[in-house]
Amino acid sequence: MTTVLRLSLRPLLAALIALTLASSTALAVDGSEMFADPAKEERAREIGRQLRCMVCQNQSIFDSNSGLAKDLRVLVRTRMEEGETDKEILSYIADRYGDYVLLNPRLSLKNAVLWLTPVMALLLSLGAAIGYMRSHRHPVEEISLTEEERSSAQKILKDGRS
C-alpha cells in the first residue's frame with residue numbers, strides 16, 4: 001500500500017513544484033505595494049518589466065526579491081501617482097541609476113561607441129590583412145628549361161631514375 005501511496009504522491013509533488021516555480025515571480029511583489037486598480041497595476045508592471053534589478057542583473061524589478069528592486073517598484077508607483085508618463089518615469093530612473101538599469105538601453109553616444117568598436121576593429125583588421133597580402137604578393141616567374149634540362153626531366157619521368 002505504501003508503494004501505491006508513493007506513486008500517487010509523485011504527480012501531486014511534481015504539480016506542486018511546478019506551481020511553486022511558476023508563481024515565484026508573483027511572490028517578488030508584496031501585496032502592500034500593489035495598486036488596487038488592475039489597470040494601474042498592469043501599467044506599473046509594464047514599466048517594471050523594462051527595468052533591470054541592479055542586484056540580480058538579468059531580472060526585471062518585478063522578478064526580483066531584492067531590496068533595491070522593491071525600492072524601484074515603489075519609486076515607479078510613486079512617480080505614477082504623481083502623474084508622470086511611462087517615458088518620464090523610465091528617463092528619471094535611467095538618469096539616476098544609469099542606462100544599465102534599462103533592460104532595453106536607449107541609444108546614446110556611449111552605446112554607439114560600445115556597439116561600433118568591435119565592428120571598427122574587425123574592419124581595420126580586415127583592411128590590414130588585405131594590405132599585408134597585397135604588399136607581399138610576389139608574381140610567379142615562369143622558369144623556362146633548356147633543351148638539355150627538358151630531355152633530362154623527361155628521361156627521369158620515363159625511367160624513374162636520374
# chains A, B, ... in the order shown; residues from 1 in each chain; ligands from 1
>>> residues_around(residues="segment 38-46 of chain A", least_positions_apart="6", cutoff="9 Å", atoms="only C-alpha atoms", output="list in words")
Ile61, Phe62, Arg73, Val76, Arg77, Met80 and Asp86 of chain A
>>> write_last_selection(atoms="all heavy atoms", output="PDB file, in the first residue's frame")
ATOM      1  N   ILE A  61      12.719  44.257 -12.268  1.00  0.00           N
ATOM      2  CA  ILE A  61      12.463  44.561 -10.862  1.00  0.00           C
ATOM      3  C   ILE A  61      11.225  43.837 -10.345  1.00  0.00           C
ATOM      4  O   ILE A  61      11.065  43.671  -9.143  1.00  0.00           O
ATOM      5  CB  ILE A  61      12.350  46.085 -10.612  1.00  0.00           C
ATOM      6  CG1 ILE A  61      11.176  46.691 -11.377  1.00  0.00           C
ATOM      7  CG2 ILE A  61      13.659  46.771 -10.921  1.00  0.00           C
ATOM      8  CD1 ILE A  61      10.866  48.130 -11.012  1.00  0.00           C
ATOM      9  N   PHE A  62      10.357  43.374 -11.239  1.00  0.00           N
ATOM     10  CA  PHE A  62       9.181  42.633 -10.798  1.00  0.00           C
ATOM     11  C   PHE A  62       9.454  41.142 -10.668  1.00  0.00           C
ATOM     12  O   PHE A  62       8.619  40.404 -10.168  1.00  0.00           O
ATOM     13  CB  PHE A  62       7.990  42.888 -11.723  1.00  0.00           C
ATOM     14  CG  PHE A  62       7.283  44.155 -11.365  1.00  0.00           C
ATOM     15  CD1 PHE A  62       7.620  45.341 -11.971  1.00  0.00           C
ATOM     16  CD2 PHE A  62       6.319  44.174 -10.381  1.00  0.00           C
ATOM     17  CE1 PHE A  62       6.993  46.515 -11.624  1.00  0.00           C
ATOM     18  CE2 PHE A  62       5.687  45.353 -10.022  1.00  0.00           C
ATOM     19  CZ  PHE A  62       6.021  46.521 -10.646  1.00  0.00           C
ATOM     20  N   ARG A  73      10.378  49.416  -7.450  1.00  0.00           N
ATOM     21  CA  ARG A  73       8.944  49.206  -7.680  1.00  0.00           C
ATOM     22  C   ARG A  73       8.123  50.287  -6.987  1.00  0.00           C
ATOM     23  O   ARG A  73       7.183  50.836  -7.564  1.00  0.00           O
ATOM     24  CB  ARG A  73       8.514  47.819  -7.185  1.00  0.00           C
ATOM     25  CG  ARG A  73       9.025  46.682  -8.025  1.00  0.00           C
ATOM     26  CD  ARG A  73       8.370  45.365  -7.656  1.00  0.00           C
ATOM     27  NE  ARG A  73       8.559  44.962  -6.284  1.00  0.00           N
ATOM     28  CZ  ARG A  73       9.493  44.117  -5.850  1.00  0.00           C
ATOM     29  NH1 ARG A  73      10.339  43.581  -6.702  1.00  0.00           N
ATOM     30  NH2 ARG A  73       9.573  43.793  -4.579  1.00  0.00           N
ATOM     31  N   VAL A  76       8.561  53.544  -8.914  1.00  0.00           N
ATOM     32  CA  VAL A  76       7.725  53.560 -10.124  1.00  0.00           C
ATOM     33  C   VAL A  76       6.297  53.924  -9.758  1.00  0.00           C
ATOM     34  O   VAL A  76       5.675  54.789 -10.392  1.00  0.00           O
ATOM     35  CB  VAL A  76       7.774  52.187 -10.840  1.00  0.00           C
ATOM     36  CG1 VAL A  76       6.664  52.070 -11.865  1.00  0.00           C
ATOM     37  CG2 VAL A  76       9.125  51.980 -11.494  1.00  0.00           C
ATOM     38  N   ARG A  77       5.762  53.292  -8.723  1.00  0.00           N
ATOM     39  CA  ARG A  77       4.371  53.563  -8.323  1.00  0.00           C
ATOM     40  C   ARG A  77       4.198  54.990  -7.805  1.00  0.00           C
ATOM     41  O   ARG A  77       3.193  55.635  -8.081  1.00  0.00           O
ATOM     42  CB  ARG A  77       3.937  52.532  -7.282  1.00  0.00           C
ATOM     43  CG  ARG A  77       3.724  51.167  -7.888  1.00  0.00           C
ATOM     44  CD  ARG A  77       3.201  50.177  -6.848  1.00  0.00           C
ATOM     45  NE  ARG A  77       2.734  48.987  -7.493  1.00  0.00           N
ATOM     46  CZ  ARG A  77       3.502  47.933  -7.762  1.00  0.00           C
ATOM     47  NH1 ARG A  77       4.776  47.957  -7.433  1.00  0.00           N
ATOM     48  NH2 ARG A  77       2.998  46.868  -8.346  1.00  0.00           N
ATOM     49  N   MET A  80       4.165  57.260 -10.731  1.00  0.00           N
ATOM     50  CA  MET A  80       2.880  57.109 -11.428  1.00  0.00           C
ATOM     51  C   MET A  80       1.798  57.918 -10.725  1.00  0.00           C
ATOM     52  O   MET A  80       0.984  58.582 -11.370  1.00  0.00           O
ATOM     53  CB  MET A  80       2.464  55.626 -11.472  1.00  0.00           C
ATOM     54  CG  MET A  80       3.178  54.814 -12.531  1.00  0.00           C
ATOM     55  SD  MET A  80       2.720  53.073 -12.484  1.00  0.00           S
ATOM     56  CE  MET A  80       0.959  53.163 -12.836  1.00  0.00           C
ATOM     57  N   ASP A  86       5.028  57.039 -18.682  1.00  0.00           N
ATOM     58  CA  ASP A  86       5.969  55.906 -18.632  1.00  0.00           C
ATOM     59  C   ASP A  86       7.364  56.358 -19.041  1.00  0.00           C
ATOM     60  O   ASP A  86       8.354  56.004 -18.403  1.00  0.00           O
ATOM     61  CB  ASP A  86       5.503  54.785 -19.564  1.00  0.00           C
ATOM     62  CG  ASP A  86       4.182  54.172 -19.141  1.00  0.00           C
ATOM     63  OD1 ASP A  86       3.566  54.653 -18.169  1.00  0.00           O
ATOM     64  OD2 ASP A  86       3.765  53.206 -19.798  1.00  0.00           O
TER      65      ASP A  86
END
>>> select_by_dssp(residues="chain A", states="helix (DSSP H, G or I)", output="VMD selection string")
chain A and resid 2 to 22 24 to 28 38 to 48 67 to 81 86 to 97 99 to 101 109 to 135 147 to 159
>>> atom_distance(atom1="atom CA of Thr85 of chain A", atom2="atom CA of Gly48 of chain A")
13.3 Å
>>> atom_distance(atom1="atom CA of Glu141 of chain A", atom2="atom CA of Ala129 of chain A")
24.2 Å
>>> decode(residues="segment 47-77 of chain A", atoms="N, CA, C and O atoms", output="PDB file, in the first residue's frame")
ATOM      1  N   ILE A  47       6.023  48.970 -16.869  1.00  0.00           N
ATOM      2  CA  ILE A  47       7.202  49.825 -16.668  1.00  0.00           C
ATOM      3  C   ILE A  47       8.312  49.022 -15.987  1.00  0.00           C
ATOM      4  O   ILE A  47       9.468  49.068 -16.389  1.00  0.00           O
ATOM      5  N   GLY A  48       7.940  48.248 -14.973  1.00  0.00           N
ATOM      6  CA  GLY A  48       8.912  47.456 -14.226  1.00  0.00           C
ATOM      7  C   GLY A  48       9.587  46.386 -15.056  1.00  0.00           C
ATOM      8  O   GLY A  48      10.734  46.025 -14.812  1.00  0.00           O
ATOM      9  N   ARG A  49       8.896  45.860 -16.063  1.00  0.00           N
ATOM     10  CA  ARG A  49       9.495  44.841 -16.941  1.00  0.00           C
ATOM     11  C   ARG A  49      10.599  45.438 -17.816  1.00  0.00           C
ATOM     12  O   ARG A  49      11.354  44.704 -18.425  1.00  0.00           O
ATOM     13  N   GLN A  50      10.659  46.753 -17.874  1.00  0.00           N
ATOM     14  CA  GLN A  50      11.686  47.417 -18.677  1.00  0.00           C
ATOM     15  C   GLN A  50      12.890  47.819 -17.833  1.00  0.00           C
ATOM     16  O   GLN A  50      13.872  48.332 -18.365  1.00  0.00           O
ATOM     17  N   LEU A  51      12.804  47.585 -16.518  1.00  0.00           N
ATOM     18  CA  LEU A  51      13.878  47.985 -15.604  1.00  0.00           C
ATOM     19  C   LEU A  51      14.600  46.768 -15.041  1.00  0.00           C
ATOM     20  O   LEU A  51      13.967  45.810 -14.588  1.00  0.00           O
ATOM     21  N   ARG A  52      15.923  46.814 -15.067  1.00  0.00           N
ATOM     22  CA  ARG A  52      16.765  45.721 -14.583  1.00  0.00           C
ATOM     23  C   ARG A  52      17.006  45.887 -13.088  1.00  0.00           C
ATOM     24  O   ARG A  52      17.290  46.979 -12.613  1.00  0.00           O
ATOM     25  N   CYS A  53      16.929  44.775 -12.380  1.00  0.00           N
ATOM     26  CA  CYS A  53      17.330  44.787 -10.975  1.00  0.00           C
ATOM     27  C   CYS A  53      18.849  44.886 -10.954  1.00  0.00           C
ATOM     28  O   CYS A  53      19.542  44.053 -11.542  1.00  0.00           O
ATOM     29  N   MET A  54      19.378  45.896 -10.311  1.00  0.00           N
ATOM     30  CA  MET A  54      20.826  46.115 -10.301  1.00  0.00           C
ATOM     31  C   MET A  54      21.556  45.086  -9.428  1.00  0.00           C
ATOM     32  O   MET A  54      22.761  44.916  -9.554  1.00  0.00           O
ATOM     33  N   VAL A  55      20.821  44.380  -8.578  1.00  0.00           N
ATOM     34  CA  VAL A  55      21.428  43.348  -7.737  1.00  0.00           C
ATOM     35  C   VAL A  55      21.436  42.014  -8.480  1.00  0.00           C
ATOM     36  O   VAL A  55      22.438  41.331  -8.547  1.00  0.00           O
ATOM     37  N   CYS A  56      20.287  41.663  -9.075  1.00  0.00           N
ATOM     38  CA  CYS A  56      20.145  40.365  -9.747  1.00  0.00           C
ATOM     39  C   CYS A  56      20.646  40.393 -11.181  1.00  0.00           C
ATOM     40  O   CYS A  56      20.776  39.345 -11.798  1.00  0.00           O
ATOM     41  N   GLN A  57      20.859  41.543 -11.745  1.00  0.00           N
ATOM     42  CA  GLN A  57      21.435  41.778 -13.066  1.00  0.00           C
ATOM     43  C   GLN A  57      20.519  41.453 -14.235  1.00  0.00           C
ATOM     44  O   GLN A  57      20.252  42.300 -15.029  1.00  0.00           O
ATOM     45  N   ASN A  58      20.047  40.234 -14.383  1.00  0.00           N
ATOM     46  CA  ASN A  58      19.271  39.902 -15.571  1.00  0.00           C
ATOM     47  C   ASN A  58      17.813  39.607 -15.258  1.00  0.00           C
ATOM     48  O   ASN A  58      17.165  38.852 -15.972  1.00  0.00           O
ATOM     49  N   GLN A  59      17.307  40.196 -14.221  1.00  0.00           N
ATOM     50  CA  GLN A  59      15.898  40.083 -13.882  1.00  0.00           C
ATOM     51  C   GLN A  59      15.296  41.476 -13.869  1.00  0.00           C
ATOM     52  O   GLN A  59      15.964  42.448 -13.543  1.00  0.00           O
ATOM     53  N   SER A  60      14.026  41.517 -14.220  1.00  0.00           N
ATOM     54  CA  SER A  60      13.347  42.803 -14.091  1.00  0.00           C
ATOM     55  C   SER A  60      13.072  43.040 -12.606  1.00  0.00           C
ATOM     56  O   SER A  60      13.171  42.116 -11.792  1.00  0.00           O
ATOM     57  N   ILE A  61      12.719  44.257 -12.268  1.00  0.00           N
ATOM     58  CA  ILE A  61      12.463  44.561 -10.862  1.00  0.00           C
ATOM     59  C   ILE A  61      11.225  43.837 -10.345  1.00  0.00           C
ATOM     60  O   ILE A  61      11.065  43.671  -9.143  1.00  0.00           O
ATOM     61  N   PHE A  62      10.357  43.374 -11.239  1.00  0.00           N
ATOM     62  CA  PHE A  62       9.181  42.633 -10.798  1.00  0.00           C
ATOM     63  C   PHE A  62       9.454  41.142 -10.668  1.00  0.00           C
ATOM     64  O   PHE A  62       8.619  40.404 -10.168  1.00  0.00           O
ATOM     65  N   ASP A  63      10.629  40.684 -11.107  1.00  0.00           N
ATOM     66  CA  ASP A  63      11.010  39.282 -10.957  1.00  0.00           C
ATOM     67  C   ASP A  63      11.979  39.082  -9.795  1.00  0.00           C
ATOM     68  O   ASP A  63      12.350  37.958  -9.494  1.00  0.00           O
ATOM     69  N   SER A  64      12.397  40.163  -9.168  1.00  0.00           N
ATOM     70  CA  SER A  64      13.432  40.096  -8.141  1.00  0.00           C
ATOM     71  C   SER A  64      12.855  40.349  -6.752  1.00  0.00           C
ATOM     72  O   SER A  64      11.936  41.147  -6.575  1.00  0.00           O
ATOM     73  N   ASN A  65      13.435  39.669  -5.780  1.00  0.00           N
ATOM     74  CA  ASN A  65      13.050  39.858  -4.380  1.00  0.00           C
ATOM     75  C   ASN A  65      13.995  40.801  -3.639  1.00  0.00           C
ATOM     76  O   ASN A  65      13.839  41.004  -2.443  1.00  0.00           O
ATOM     77  N   SER A  66      14.976  41.367  -4.318  1.00  0.00           N
ATOM     78  CA  SER A  66      15.970  42.190  -3.620  1.00  0.00           C
ATOM     79  C   SER A  66      15.356  43.486  -3.102  1.00  0.00           C
ATOM     80  O   SER A  66      14.335  43.962  -3.592  1.00  0.00           O
ATOM     81  N   GLY A  67      16.014  44.048  -2.110  1.00  0.00           N
ATOM     82  CA  GLY A  67      15.544  45.298  -1.520  1.00  0.00           C
ATOM     83  C   GLY A  67      15.567  46.448  -2.515  1.00  0.00           C
ATOM     84  O   GLY A  67      14.656  47.285  -2.538  1.00  0.00           O
ATOM     85  N   LEU A  68      16.597  46.491  -3.362  1.00  0.00           N
ATOM     86  CA  LEU A  68      16.686  47.550  -4.362  1.00  0.00           C
ATOM     87  C   LEU A  68      15.546  47.443  -5.370  1.00  0.00           C
ATOM     88  O   LEU A  68      14.965  48.451  -5.765  1.00  0.00           O
ATOM     89  N   ALA A  69      15.222  46.216  -5.756  1.00  0.00           N
ATOM     90  CA  ALA A  69      14.113  46.019  -6.693  1.00  0.00           C
ATOM     91  C   ALA A  69      12.806  46.508  -6.073  1.00  0.00           C
ATOM     92  O   ALA A  69      11.989  47.152  -6.739  1.00  0.00           O
ATOM     93  N   LYS A  70      12.622  46.224  -4.796  1.00  0.00           N
ATOM     94  CA  LYS A  70      11.408  46.697  -4.109  1.00  0.00           C
ATOM     95  C   LYS A  70      11.388  48.225  -4.081  1.00  0.00           C
ATOM     96  O   LYS A  70      10.354  48.839  -4.358  1.00  0.00           O
ATOM     97  N   ASP A  71      12.535  48.832  -3.782  1.00  0.00           N
ATOM     98  CA  ASP A  71      12.605  50.301  -3.767  1.00  0.00           C
ATOM     99  C   ASP A  71      12.263  50.879  -5.141  1.00  0.00           C
ATOM    100  O   ASP A  71      11.560  51.889  -5.234  1.00  0.00           O
ATOM    101  N   LEU A  72      12.745  50.247  -6.192  1.00  0.00           N
ATOM    102  CA  LEU A  72      12.447  50.724  -7.543  1.00  0.00           C
ATOM    103  C   LEU A  72      10.973  50.535  -7.886  1.00  0.00           C
ATOM    104  O   LEU A  72      10.371  51.386  -8.545  1.00  0.00           O
ATOM    105  N   ARG A  73      10.378  49.416  -7.450  1.00  0.00           N
ATOM    106  CA  ARG A  73       8.944  49.206  -7.680  1.00  0.00           C
ATOM    107  C   ARG A  73       8.123  50.287  -6.987  1.00  0.00           C
ATOM    108  O   ARG A  73       7.183  50.836  -7.564  1.00  0.00           O
ATOM    109  N   VAL A  74       8.513  50.612  -5.758  1.00  0.00           N
ATOM    110  CA  VAL A  74       7.818  51.675  -5.014  1.00  0.00           C
ATOM    111  C   VAL A  74       8.025  53.015  -5.706  1.00  0.00           C
ATOM    112  O   VAL A  74       7.082  53.810  -5.827  1.00  0.00           O
ATOM    113  N   LEU A  75       9.238  53.265  -6.190  1.00  0.00           N
ATOM    114  CA  LEU A  75       9.534  54.514  -6.893  1.00  0.00           C
ATOM    115  C   LEU A  75       8.686  54.638  -8.157  1.00  0.00           C
ATOM    116  O   LEU A  75       8.138  55.707  -8.446  1.00  0.00           O
ATOM    117  N   VAL A  76       8.561  53.544  -8.914  1.00  0.00           N
ATOM    118  CA  VAL A  76       7.725  53.560 -10.124  1.00  0.00           C
ATOM    119  C   VAL A  76       6.297  53.924  -9.758  1.00  0.00           C
ATOM    120  O   VAL A  76       5.675  54.789 -10.392  1.00  0.00           O
ATOM    121  N   ARG A  77       5.762  53.292  -8.723  1.00  0.00           N
ATOM    122  CA  ARG A  77       4.371  53.563  -8.323  1.00  0.00           C
ATOM    123  C   ARG A  77       4.198  54.990  -7.805  1.00  0.00           C
ATOM    124  O   ARG A  77       3.193  55.635  -8.081  1.00  0.00           O
TER     125      ARG A  77
END
